[in-house]
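Next comes model27.cif, with mmCIF, C-alpha atoms and all ligand atoms.
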data_entry
loop_
_atom_site.label_atom_id
_atom_site.label_comp_id
_atom_site.auth_asym_id
_atom_site.auth_seq_id
_atom_site.Cartn_x
_atom_site.Cartn_y
_atom_site.Cartn_z
CA MET X 1 -48.37 5.70 -83.71
CA SER X 2 -47.34 8.76 -81.75
CA ARG X 3 -44.68 11.05 -83.11
CA ALA X 4 -43.72 12.12 -79.59
CA VAL X 5 -43.17 8.51 -78.49
CA ASP X 6 -41.28 7.68 -81.70
CA ARG X 7 -38.98 10.63 -81.13
CA CYS X 8 -38.26 9.53 -77.55
CA ASP X 9 -37.45 6.08 -78.90
CA LEU X 10 -35.04 7.59 -81.42
CA LEU X 11 -33.31 9.47 -78.59
CA GLY X 12 -33.00 6.23 -76.64
CA GLU X 13 -29.97 4.81 -78.42
CA GLY X 14 -27.01 5.39 -80.74
CA ARG X 15 -25.37 8.79 -80.43
CA PHE X 16 -28.00 9.88 -77.89
CA THR X 17 -26.50 7.77 -75.11
CA ASP X 18 -23.06 7.99 -73.49
CA ALA X 19 -22.94 4.37 -72.26
CA PRO X 20 -22.78 1.24 -74.39
CA GLY X 21 -25.85 -1.00 -74.21
CA MET X 22 -27.93 1.35 -72.07
CA LEU X 23 -29.45 4.81 -72.12
CA PHE X 24 -27.40 7.26 -70.08
CA ARG X 25 -27.53 10.92 -71.04
CA PRO X 26 -25.90 13.05 -68.36
CA TYR X 27 -25.80 16.86 -68.39
CA LEU X 28 -23.35 18.44 -70.84
CA GLY X 29 -22.07 15.13 -72.20
CA PRO X 30 -21.78 14.16 -75.89
CA ALA X 31 -25.22 12.46 -75.89
CA HIS X 32 -26.82 15.56 -74.41
CA LYS X 33 -25.19 17.59 -77.18
CA ALA X 34 -26.51 15.19 -79.84
CA ALA X 35 -30.00 15.44 -78.33
CA VAL X 36 -29.80 19.24 -78.37
CA GLU X 37 -28.82 19.18 -82.05
CA GLN X 38 -31.67 16.84 -82.95
CA LEU X 39 -34.23 18.78 -80.93
CA THR X 40 -33.10 22.01 -82.58
CA ILE X 41 -34.10 20.52 -85.93
CA TRP X 42 -37.51 19.38 -84.62
CA MET X 43 -38.19 22.72 -82.91
CA GLU X 44 -37.30 24.67 -86.05
CA GLU X 45 -39.53 22.41 -88.16
CA ALA X 46 -42.36 23.23 -85.74
CA GLY X 47 -41.95 26.94 -86.43
CA MET X 48 -39.84 27.89 -83.43
CA SER X 49 -36.71 30.00 -83.17
CA VAL X 50 -34.20 28.08 -81.08
CA ARG X 51 -31.49 29.07 -78.63
CA LEU X 52 -29.42 27.50 -75.88
CA ASP X 53 -29.56 29.39 -72.59
CA PRO X 54 -26.39 29.91 -70.50
CA SER X 55 -27.14 26.82 -68.37
CA GLY X 56 -27.50 24.54 -71.40
CA SER X 57 -31.31 24.46 -71.52
CA LEU X 58 -32.56 24.34 -75.10
CA ILE X 59 -35.41 26.78 -75.74
CA GLY X 60 -37.70 26.84 -78.78
CA ARG X 61 -39.80 30.00 -79.01
CA TYR X 62 -43.08 30.39 -80.88
CA GLU X 63 -44.14 34.03 -80.90
CA GLY X 64 -47.58 35.08 -79.75
CA ASP X 65 -49.68 38.21 -79.96
CA GLY X 66 -48.72 39.47 -76.49
CA PRO X 67 -45.48 40.14 -74.62
CA LYS X 68 -45.68 37.32 -72.05
CA THR X 69 -44.53 33.71 -72.41
CA LEU X 70 -45.93 30.34 -71.37
CA LEU X 71 -43.19 27.78 -70.71
CA ILE X 72 -43.81 24.14 -71.61
CA GLY X 73 -40.86 22.17 -70.31
CA SER X 74 -39.25 18.97 -69.13
CA HIS X 75 -35.75 17.49 -69.16
CA ILE X 76 -33.62 15.58 -71.64
CA ASP X 77 -30.92 14.29 -69.28
CA SER X 78 -31.38 10.80 -67.85
CA VAL X 79 -30.44 8.53 -65.01
CA LYS X 80 -28.08 5.62 -65.67
CA ASP X 81 -29.75 2.75 -67.57
CA ALA X 82 -32.81 4.91 -68.04
CA GLY X 83 -36.12 4.54 -69.77
CA ARG X 84 -36.80 6.64 -72.84
CA TYR X 85 -39.74 8.74 -71.68
CA ASP X 86 -38.81 10.20 -68.29
CA GLY X 87 -38.35 13.81 -69.38
CA PRO X 88 -38.08 13.72 -73.18
CA LEU X 89 -41.76 12.87 -73.63
CA GLY X 90 -42.83 16.19 -72.08
CA VAL X 91 -40.49 18.05 -74.43
CA MET X 92 -41.75 16.15 -77.50
CA LEU X 93 -45.38 16.82 -76.54
CA GLY X 94 -44.59 20.53 -76.20
CA ILE X 95 -43.05 20.52 -79.66
CA ASP X 96 -46.09 18.70 -81.06
CA CYS X 97 -48.45 21.30 -79.57
CA VAL X 98 -46.50 24.12 -81.18
CA ALA X 99 -46.32 22.19 -84.46
CA ALA X 100 -50.14 21.91 -84.43
CA LEU X 101 -50.53 25.66 -83.85
CA HIS X 102 -47.95 26.40 -86.55
CA ASP X 103 -49.64 24.09 -89.06
CA ALA X 104 -52.96 25.82 -88.38
CA GLY X 105 -51.32 29.26 -88.72
CA ARG X 106 -52.49 30.15 -85.20
CA ARG X 107 -50.94 32.55 -82.72
CA LEU X 108 -52.00 32.69 -79.08
CA PRO X 109 -52.21 35.84 -76.95
CA PHE X 110 -48.86 34.82 -75.43
CA ALA X 111 -45.68 33.29 -76.80
CA ILE X 112 -44.87 29.65 -76.06
CA GLU X 113 -41.37 28.47 -75.22
CA VAL X 114 -40.68 24.76 -75.21
CA VAL X 115 -37.79 24.15 -72.80
CA ALA X 116 -35.58 21.05 -72.74
CA PHE X 117 -33.68 21.26 -69.44
CA GLY X 118 -30.26 19.60 -69.38
CA ASP X 119 -29.96 18.68 -65.72
CA GLU X 120 -32.99 17.47 -63.83
CA GLU X 121 -31.73 14.12 -62.61
CA GLY X 122 -28.43 15.22 -61.13
CA SER X 123 -26.72 12.25 -62.81
CA ARG X 124 -23.39 13.92 -63.45
CA PHE X 125 -22.71 16.48 -60.75
CA PRO X 126 -23.66 16.44 -57.06
CA ALA X 127 -26.60 18.77 -57.73
CA ALA X 128 -29.90 18.46 -59.60
CA MET X 129 -32.25 20.73 -61.54
CA LEU X 130 -29.45 23.14 -62.37
CA GLY X 131 -31.22 24.39 -65.52
CA SER X 132 -34.61 25.09 -63.95
CA ARG X 133 -33.01 26.49 -60.81
CA ALA X 134 -30.89 28.85 -62.94
CA MET X 135 -33.99 29.86 -64.90
CA THR X 136 -35.90 30.67 -61.71
CA GLY X 137 -33.01 32.51 -60.06
CA GLN X 138 -32.55 29.93 -57.30
CA LEU X 139 -28.79 29.52 -57.67
CA ASP X 140 -25.93 31.69 -56.61
CA ALA X 141 -22.29 31.82 -57.70
CA LYS X 142 -21.48 29.00 -55.26
CA ALA X 143 -23.37 26.56 -57.51
CA LEU X 144 -20.65 27.01 -60.10
CA GLU X 145 -18.02 25.76 -57.67
CA ILE X 146 -19.24 22.18 -58.24
CA ASP X 147 -16.19 20.19 -59.28
CA GLY X 148 -16.02 19.91 -63.08
CA LEU X 149 -19.04 22.07 -63.92
CA GLU X 150 -17.07 25.03 -65.20
CA ALA X 151 -14.94 22.82 -67.44
CA ALA X 152 -18.04 21.05 -68.78
CA LEU X 153 -19.70 24.38 -69.60
CA ASN X 154 -16.53 25.61 -71.29
CA ALA X 155 -16.36 22.41 -73.34
CA TRP X 156 -19.81 23.26 -74.69
CA GLY X 157 -18.77 26.83 -75.49
CA LEU X 158 -21.01 28.12 -72.66
CA ASP X 159 -19.64 30.95 -70.52
CA PRO X 160 -19.71 29.91 -66.83
CA GLY X 161 -19.73 33.60 -65.92
CA SER X 162 -23.12 33.96 -67.65
CA PHE X 163 -24.71 30.89 -66.04
CA LEU X 164 -26.84 32.89 -63.62
CA THR X 165 -28.15 35.13 -66.42
CA ALA X 166 -30.35 32.21 -67.46
CA ARG X 167 -32.76 33.70 -64.88
CA ARG X 168 -36.12 34.75 -66.32
CA ASP X 169 -38.28 37.56 -65.01
CA PRO X 170 -41.41 35.91 -63.59
CA ALA X 171 -43.41 39.06 -64.45
CA LYS X 172 -42.92 38.17 -68.11
CA LEU X 173 -44.17 34.61 -67.73
CA VAL X 174 -47.73 33.32 -68.05
CA GLY X 175 -46.81 30.09 -66.27
CA TYR X 176 -45.01 26.77 -66.54
CA VAL X 177 -46.63 23.52 -67.68
CA GLU X 178 -45.01 20.09 -67.80
CA ALA X 179 -46.29 16.77 -69.12
CA HIS X 180 -44.51 13.72 -67.69
CA ILE X 181 -45.02 10.01 -67.27
CA GLU X 182 -46.43 9.23 -63.83
CA GLN X 183 -43.50 6.98 -62.84
CA GLY X 184 -45.91 5.22 -60.51
CA PRO X 185 -48.80 2.75 -60.76
CA VAL X 186 -51.87 4.86 -59.84
CA LEU X 187 -53.22 5.80 -63.27
CA GLU X 188 -52.75 2.31 -64.67
CA ALA X 189 -54.51 0.79 -61.66
CA ASP X 190 -57.44 3.14 -62.25
CA GLY X 191 -57.51 2.40 -65.99
CA LEU X 192 -56.80 6.04 -66.83
CA ALA X 193 -54.50 7.54 -69.46
CA LEU X 194 -54.08 10.96 -67.85
CA GLY X 195 -53.87 12.55 -64.42
CA ILE X 196 -53.62 16.08 -63.08
CA VAL X 197 -50.92 16.67 -60.49
CA THR X 198 -51.95 18.53 -57.35
CA GLY X 199 -48.43 18.94 -55.97
CA ILE X 200 -44.91 17.51 -55.86
CA ALA X 201 -43.33 15.91 -52.78
CA ALA X 202 -40.56 17.62 -50.82
CA GLN X 203 -37.06 16.20 -51.39
CA LYS X 204 -33.78 16.28 -49.53
CA ARG X 205 -30.54 14.71 -50.69
CA PHE X 206 -27.29 14.12 -48.79
CA ALA X 207 -23.79 12.88 -49.60
CA VAL X 208 -22.57 10.59 -46.80
CA THR X 209 -18.94 9.55 -46.32
CA LEU X 210 -18.00 6.85 -43.82
CA THR X 211 -14.31 6.47 -43.12
CA GLY X 212 -12.80 3.35 -41.58
CA ILE X 213 -9.37 1.80 -42.05
CA ALA X 214 -8.49 -0.14 -45.17
CA GLY X 215 -6.57 -3.29 -44.40
CA HIS X 216 -5.72 -6.82 -45.38
CA ALA X 217 -8.84 -9.03 -45.60
CA GLY X 218 -6.88 -12.05 -44.39
CA THR X 219 -5.03 -10.63 -41.41
CA ASN X 220 -7.46 -8.18 -39.78
CA SER X 221 -9.51 -10.18 -37.31
CA MET X 222 -13.19 -9.29 -37.20
CA GLY X 223 -13.13 -7.58 -33.80
CA LEU X 224 -10.27 -5.27 -34.73
CA ARG X 225 -11.18 -4.06 -38.19
CA LYS X 226 -12.90 -0.75 -38.99
CA ASP X 227 -14.98 -1.74 -41.99
CA ALA X 228 -16.65 1.28 -43.60
CA LEU X 229 -18.90 -0.90 -45.75
CA ALA X 230 -20.31 -2.87 -42.83
CA ALA X 231 -21.23 0.49 -41.27
CA ALA X 232 -22.76 1.64 -44.57
CA ALA X 233 -24.86 -1.52 -44.71
CA GLU X 234 -26.27 -0.68 -41.28
CA ALA X 235 -26.90 2.88 -42.46
CA VAL X 236 -28.95 1.67 -45.43
CA LEU X 237 -31.06 -0.48 -43.13
CA ALA X 238 -31.52 2.44 -40.72
CA ALA X 239 -32.84 4.61 -43.58
CA GLU X 240 -35.22 1.84 -44.61
CA ARG X 241 -36.43 1.30 -41.06
CA VAL X 242 -37.14 4.98 -40.40
CA ALA X 243 -39.01 5.44 -43.69
CA ARG X 244 -41.04 2.26 -43.23
CA ALA X 245 -42.15 3.43 -39.81
CA GLY X 246 -43.57 6.69 -41.25
CA PRO X 247 -46.58 7.53 -43.41
CA ALA X 248 -46.98 5.94 -46.85
CA ASP X 249 -45.63 9.01 -48.68
CA LEU X 250 -42.36 9.01 -46.69
CA VAL X 251 -39.56 7.34 -48.68
CA ALA X 252 -35.80 7.07 -48.19
CA THR X 253 -33.34 5.69 -50.72
CA VAL X 254 -29.64 4.96 -50.90
CA GLY X 255 -29.20 4.70 -54.67
CA ARG X 256 -25.49 5.16 -55.17
CA MET X 257 -22.59 3.74 -53.23
CA GLU X 258 -18.88 3.82 -53.86
CA VAL X 259 -16.66 1.40 -51.95
CA LEU X 260 -12.97 2.24 -51.63
CA PRO X 261 -10.52 0.91 -52.44
CA GLY X 262 -12.93 -1.70 -53.86
CA ALA X 263 -10.95 -4.94 -53.89
CA PRO X 264 -12.03 -8.42 -52.76
CA ASN X 265 -9.05 -8.79 -50.43
CA VAL X 266 -9.17 -5.36 -48.79
CA VAL X 267 -11.35 -4.33 -45.84
CA PRO X 268 -13.24 -1.29 -47.17
CA GLY X 269 -11.61 1.88 -45.85
CA GLU X 270 -14.12 4.40 -47.12
CA VAL X 271 -17.67 4.33 -48.43
CA ARG X 272 -19.47 7.25 -50.06
CA PHE X 273 -23.19 7.03 -50.64
CA SER X 274 -26.22 9.11 -51.51
CA LEU X 275 -29.28 9.47 -49.29
CA ASP X 276 -32.55 10.74 -50.76
CA VAL X 277 -35.51 11.42 -48.43
CA ARG X 278 -38.97 12.55 -49.60
CA ALA X 279 -42.45 13.14 -48.25
CA GLY X 280 -45.54 15.11 -49.21
CA ASP X 281 -44.81 17.71 -46.53
CA ALA X 282 -41.52 19.21 -45.40
CA THR X 283 -42.06 18.48 -41.69
CA THR X 284 -42.39 14.71 -42.17
CA ARG X 285 -39.42 14.68 -44.53
CA ASP X 286 -37.22 16.77 -42.24
CA LYS X 287 -38.07 14.74 -39.16
CA ALA X 288 -37.23 11.51 -40.96
CA ALA X 289 -34.04 12.91 -42.49
CA GLU X 290 -32.87 14.10 -39.07
CA GLU X 291 -33.62 10.72 -37.53
CA ILE X 292 -31.77 8.83 -40.26
CA CYS X 293 -28.74 11.13 -40.00
CA ARG X 294 -28.73 10.78 -36.21
CA GLU X 295 -28.83 6.99 -36.50
CA VAL X 296 -26.06 6.94 -39.10
CA ARG X 297 -23.81 9.11 -36.91
CA ALA X 298 -24.52 6.91 -33.90
CA LEU X 299 -23.86 3.61 -35.65
CA ALA X 300 -20.66 4.98 -37.16
CA ALA X 301 -19.50 6.21 -33.73
CA ALA X 302 -20.27 2.81 -32.20
CA ARG X 303 -17.90 1.26 -34.77
CA SER X 304 -15.28 4.05 -34.44
CA ILE X 305 -15.92 4.96 -38.05
CA GLY X 306 -15.69 8.58 -39.22
CA CYS X 307 -18.93 10.04 -40.55
CA GLU X 308 -19.58 13.13 -42.67
CA ILE X 309 -23.05 14.01 -43.93
CA ALA X 310 -23.23 16.88 -46.42
CA PRO X 311 -26.60 18.26 -47.53
CA LEU X 312 -26.76 18.39 -51.35
CA HIS X 313 -30.24 19.38 -52.23
CA ASP X 314 -33.36 20.66 -50.47
CA LEU X 315 -36.55 21.21 -52.43
CA PRO X 316 -39.72 22.16 -50.55
CA PRO X 317 -43.06 20.60 -51.46
CA ALA X 318 -44.47 22.25 -54.56
CA PRO X 319 -48.22 22.76 -54.77
CA CYS X 320 -49.58 23.19 -58.30
CA ASP X 321 -51.42 26.41 -59.13
CA PRO X 322 -55.19 26.00 -58.57
CA ALA X 323 -56.23 28.06 -61.61
CA MET X 324 -53.83 26.22 -63.92
CA MET X 325 -54.99 22.89 -62.49
CA ALA X 326 -58.62 23.86 -63.10
CA ARG X 327 -57.78 24.60 -66.75
CA LEU X 328 -56.06 21.24 -67.10
CA GLU X 329 -59.14 19.58 -65.56
CA LYS X 330 -61.40 21.33 -68.10
CA ALA X 331 -59.02 20.32 -70.89
CA VAL X 332 -58.93 16.66 -69.87
CA ALA X 333 -62.74 16.61 -69.62
CA ALA X 334 -63.02 18.39 -72.99
CA ILE X 335 -61.21 15.53 -74.74
CA GLY X 336 -63.56 13.02 -73.10
CA GLN X 337 -61.21 11.70 -70.40
CA PRO X 338 -62.09 11.29 -66.72
CA VAL X 339 -60.49 13.81 -64.38
CA ARG X 340 -58.16 12.16 -61.85
CA LYS X 341 -55.93 14.16 -59.53
CA LEU X 342 -52.80 12.77 -57.87
CA VAL X 343 -49.67 13.80 -56.01
CA SER X 344 -46.21 13.36 -57.56
CA GLY X 345 -43.65 11.53 -55.43
CA ALA X 346 -41.07 12.03 -58.17
CA GLY X 347 -39.29 15.35 -58.51
CA HIS X 348 -39.71 17.49 -61.60
CA ASP X 349 -38.39 20.77 -62.99
CA ALA X 350 -41.95 22.04 -62.44
CA MET X 351 -41.36 22.08 -58.69
CA VAL X 352 -38.82 24.86 -58.80
CA PHE X 353 -41.31 27.10 -60.63
CA ALA X 354 -43.94 26.72 -57.87
CA GLY X 355 -44.69 30.03 -56.20
CA LEU X 356 -42.76 31.97 -58.87
CA THR X 357 -45.14 31.49 -61.76
CA PRO X 358 -48.41 29.48 -62.05
CA MET X 359 -47.28 25.88 -62.44
CA ALA X 360 -49.19 22.76 -63.47
CA MET X 361 -48.41 19.18 -64.51
CA LEU X 362 -50.16 16.58 -66.59
CA PHE X 363 -49.28 12.94 -65.92
CA LEU X 364 -49.44 10.08 -68.42
CA ARG X 365 -49.91 6.47 -67.43
CA CYS X 366 -46.83 4.27 -67.81
CA ARG X 367 -46.78 0.48 -67.87
CA GLY X 368 -46.58 -1.08 -64.41
CA GLY X 369 -45.63 2.31 -63.01
CA VAL X 370 -42.05 1.40 -63.99
CA SER X 371 -39.56 4.26 -64.38
CA HIS X 372 -35.83 4.90 -63.93
CA ASN X 373 -35.59 1.55 -65.66
CA PRO X 374 -35.15 0.66 -69.35
CA ALA X 375 -38.50 -1.18 -69.22
CA GLU X 376 -40.32 2.18 -69.03
CA SER X 377 -43.22 2.06 -71.49
CA VAL X 378 -45.96 4.42 -72.66
CA LEU X 379 -48.93 3.73 -74.92
CA PRO X 380 -48.77 5.86 -78.08
CA ALA X 381 -52.53 6.45 -77.75
CA ASP X 382 -51.96 7.93 -74.28
CA ALA X 383 -49.31 10.28 -75.65
CA ASP X 384 -51.78 11.43 -78.32
CA LEU X 385 -54.39 12.06 -75.61
CA ALA X 386 -51.83 14.06 -73.62
CA ARG X 387 -51.06 16.19 -76.68
CA ASP X 388 -54.79 16.76 -77.27
CA ALA X 389 -55.30 17.67 -73.61
CA LEU X 390 -52.41 20.15 -73.76
CA LEU X 391 -53.85 21.71 -76.92
CA ALA X 392 -57.26 22.01 -75.25
CA PHE X 393 -55.50 23.55 -72.24
CA LEU X 394 -53.85 26.13 -74.51
CA ASP X 395 -57.27 27.02 -75.97
CA ILE X 396 -58.82 27.41 -72.51
CA LEU X 397 -55.89 29.45 -71.24
CA SER X 398 -56.07 31.69 -74.32
CA GLU X 399 -59.82 32.26 -73.84
CA GLU X 400 -59.40 33.14 -70.16
CA TYR X 401 -56.20 35.10 -70.65
CA ASP X 402 -56.32 38.74 -69.60
CA GLY X 403 -52.66 39.65 -70.03
C1 LIG G 501 -36.24 12.63 -60.61
O1 LIG G 501 -36.59 11.79 -61.40
C2 LIG G 501 -36.40 12.42 -59.21
O2 LIG G 501 -37.56 12.36 -58.74
O3 LIG G 501 -35.38 12.21 -58.53
MN MN G 502 -36.18 10.83 -63.53
MN MN G 503 -38.29 13.22 -65.01
#
Kindly return the structure encoded in the file as structure tokens.
Amino acid sequence: MSRAVDRCDLLGEGRFTDAPGMLFRPYLGPAHKAAVEQLTIWMEEAGMSVRLDPSGSLIGRYEGDGPKTLLIGSHIDSVKDAGRYDGPLGVMLGIDCVAALHDAGRRLPFAIEVVAFGDEEGSRFPAAMLGSRAMTGQLDAKALEIDGLEAALNAWGLDPGSFLTARRDPAKLVGYVEAHIEQGPVLEADGLALGIVTGIAAQKRFAVTLTGIAGHAGTNSMGLRKDALAAAAEAVLAAERVARAGPADLVATVGRMEVLPGAPNVVPGEVRFSLDVRAGDATTRDKAAEEICREVRALAAARSIGCEIAPLHDLPPAPCDPAMMARLEKAVAAIGQPVRKLVSGAGHDAMVFAGLTPMAMLFLRCRGGVSHNPAESVLPADADLARDALLAFLDILSEEYDG
């Protein structure tokens, strides 16, 4: 039994999802709102005062004896047909740590804020990590021009004009810590419950539009048609080929594709798709992304298909803070677990805090390394170990803390 896991399970269905028969909790939707309401109750029960910041991140604050604040965060939005633990588990573990301090009547030399970000995945708008990027001052007014964002904020009673005031002064922060499922198979293969992240891979995302000519599927002979989907199929294979030819940490994914007009008897006139490219270092990622884009433009030109590639998202690699990592190592050892370090190929809100405030991440094993999939699974005992490691980390940080 783990309360954190049970709470993620509760948030996995019913009013906490916006799609029937699957978990889908996009930013600023009704399910996100329901999750915010439920988390407010849990945060208040754990002794926190709760507020929603102007970007829709829910923040529970537990006062400390000093003026600075340690952030413990993760996200509560989800991909489509998601698992239950990618994001929410880190928030629940943060709440459980504060609940333990509250029950013991303890205050630390710094305040703790548990943050539930509303947009990490980028499932609703063509942007991702809007909450953590607003909090770290990495957005400008242009971010609000995203189609539909202003209306969605207004529908929540949030003032779009205040969005950028979600920014926090790094001088007032002690650091940012995030617990998250690994979303990969390494810890399970090593028989370990916990891992300490050394850094997060660099990501780039693009929106690609290929434009051909829609036409009758029966009358357009093969040599004359301009089929945007046939070009898109070649583009997907080009992305796969380039990434396969690179180092093991280089990955490229086309995860979303829209075919227009989308009828069995119409040659596809337009295809829009996403392209996500990642690697441990920015040079490898950029080289691969450039090569893929070059190939896509060339194959489109060879078919006389129009091609537009718009960059959506560019996050540099994010090294974790060595001192924070060392404290997590001590904490994991203190609860009797082996210390295992690993890189994160998945993106996390933590990455936008890198370089602005000391950032660290604790990974939990997940079954089969499966994530972004409803089969995501975590052992309750592992979640309890993660909570204990985070509590030990808070003790170590408090002992070493010099304001
Ligand atoms: C988030 O889960 C990402 O890595 O895209
Ligand atoms: Mn995810
Ligand atoms: Mn996540």
(request) Rank nothing, just name the residue among X:Val332, X:Ala128, X:Cys307, X:Val91 nearest to Ala143 in chain X, using only C-alpha atoms. (result) X:Ala128
6 Å per side around ligand LIG 501 (chain G): axis-aligned box centre and edge lengths, as lines of an AutoDock Vina configuration file:
center_x = -36.5
center_y = 12.2
center_z = -60.0
size_x = 14.2
size_y = 12.8
size_z = 14.9
(message) Would you pick out the contacts of range 159-175 of chain X at 7 Å or less, using all atoms listed in the file, so that residues sharing its chain but fewer than 3 positions from it are not included, and give the list as a PyMOL selection string?
(response) chain X and resi 53-55+68-71+134-137+150+153-154+356-359
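Remark: for ligand LIG 501 (chain G), the closest of the candidate residues X:Val251, X:Ala239, X:Leu108, X:Leu397 is X:Val251 (distances computed over only C-alpha atoms and all ligand atoms).
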Where does chain X meet ligand MN 502 (chain G) within 8 Å, residue by residue, with the nearest atom pair and distance in Å to one decimal for each, counting only C-alpha atoms and all ligand atoms, listed by chain and rising number, as a tab-separated table?
residue	atom	partner	partner_atom	distance
X:Ser78	CA	G:MN502	MN	6.5
X:Val79	CA	G:MN502	MN	6.4
X:Asp86	CA	G:MN502	MN	5.5
X:Gly87	CA	G:MN502	MN	6.9
X:Glu120	CA	G:MN502	MN	7.4
X:Glu121	CA	G:MN502	MN	5.6
X:Ala346	CA	G:MN502	MN	7.4
X:Gly347	CA	G:MN502	MN	7.4
X:His348	CA	G:MN502	MN	7.8
X:Ser371	CA	G:MN502	MN	7.4
X:His372	CA	G:MN502	MN	6.0
Output file for the selection above: C-alpha atoms, as a PDB file, keeping the file's coordinate frame:
ATOM      1  CA  SER X  78     -31.380  10.800 -67.850  1.00  0.00           C
ATOM      2  CA  VAL X  79     -30.440   8.530 -65.010  1.00  0.00           C
ATOM      3  CA  ASP X  86     -38.810  10.200 -68.290  1.00  0.00           C
ATOM      4  CA  GLY X  87     -38.350  13.810 -69.380  1.00  0.00           C
ATOM      5  CA  GLU X 120     -32.990  17.470 -63.830  1.00  0.00           C
ATOM      6  CA  GLU X 121     -31.730  14.120 -62.610  1.00  0.00           C
ATOM      7  CA  ALA X 346     -41.070  12.030 -58.170  1.00  0.00           C
ATOM      8  CA  GLY X 347     -39.290  15.350 -58.510  1.00  0.00           C
ATOM      9  CA  HIS X 348     -39.710  17.490 -61.600  1.00  0.00           C
ATOM     10  CA  SER X 371     -39.560   4.260 -64.380  1.00  0.00           C
ATOM     11  CA  HIS X 372     -35.830   4.900 -63.930  1.00  0.00           C
TER      12      HIS X 372
END
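When only C-alpha atoms are used to compute distances to Val197 in chain X, the closest of the residues X:Asp321, X:Glu113, X:Glu258, X:Glu45 turns out to be X:Asp321.
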(request) Find the residues near Val115 in chain X: any atom within 8 Å, counting only C-alpha atoms, skip ones fewer than 5 places away on the same chain, and give them as an NGL selection string. (result) :X and (57-60 or 71-75 or 91)
(message) Measuring between only C-alpha atoms, which one of X:Ala35, X:Asp382, X:Gly122, X:Pro261 shows the shortest distance to Ser274 in chain X?
(response)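 Distance minimum relative to Ser274 in chain X lands on X:Gly122.
Here the question is which of X:Ala301, X:Ser49, X:Leu194, X:Gly184 gets nearest to Val339 in chain X using all atoms listed in the file, and that residue is X:Leu194.
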(request) Kindly indicate which residue among X:Arg278, X:His32, X:Arg327, X:Arg294 lies nearest to ligand LIG 501 (chain G), using all atoms listed in the file for the distances. (result) X:Arg278
(request) Could you please determine the separation between CA of Val236 in chain X and CA of Pro316 in chain X in Å, to one decimal place? (result)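 Distance reported for this atom pair: 23.7 Å.
Put simply, CA of Leu299 in chain X is 11.0 Å away from CA of Ala228 in chain X.
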(request) Could you jot down the CA of Val254 in chain X to CA of Lys204 in chain X separation for me, Å, one decimal place? (result)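 Separation of CA of Val254 in chain X and CA of Lys204 in chain X: 12.1 Å.
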(message) Which residues are near Arg61 in chain X? Cut-off 8 Å, only C-alpha atoms, ignore same chain within fewer than 3 positions. Put them as a VMD selection string.
(response) chain X and resid 48 to 50 111 to 114
Serialized selection, C-alpha atoms, as a PDB file, in the coordinates of the input:
ATOM      1  CA  MET X  48     -39.840  27.890 -83.430  1.00  0.00           C
ATOM      2  CA  SER X  49     -36.710  30.000 -83.170  1.00  0.00           C
ATOM      3  CA  VAL X  50     -34.200  28.080 -81.080  1.00  0.00           C
ATOM      4  CA  ALA X 111     -45.680  33.290 -76.800  1.00  0.00           C
ATOM      5  CA  ILE X 112     -44.870  29.650 -76.060  1.00  0.00           C
ATOM      6  CA  GLU X 113     -41.370  28.470 -75.220  1.00  0.00           C
ATOM      7  CA  VAL X 114     -40.680  24.760 -75.210  1.00  0.00           C
TER       8      VAL X 114
END
(request) List every protein, DNA or RNA residue that has at least one atom no more than 6 Å from (-53.6, 20.4, -62.6) in the file's coordinates, counting only C-alpha atoms, and write the result as a list in words. (result)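 Output of the proximity query reads Ile196, Val197, Thr198, Met324, Met325, Leu328, Ala360 and Met361 of chain X.
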(request) Excluding Ala235 in chain X and any residue of its chain fewer than 6 positions from it, enumerate the residues within 10 Å of it, using all atoms listed in the file, and give them as a ChimeraX atom specification. (result) /X:208,210,229,241,254,273,275,292-293,295-300
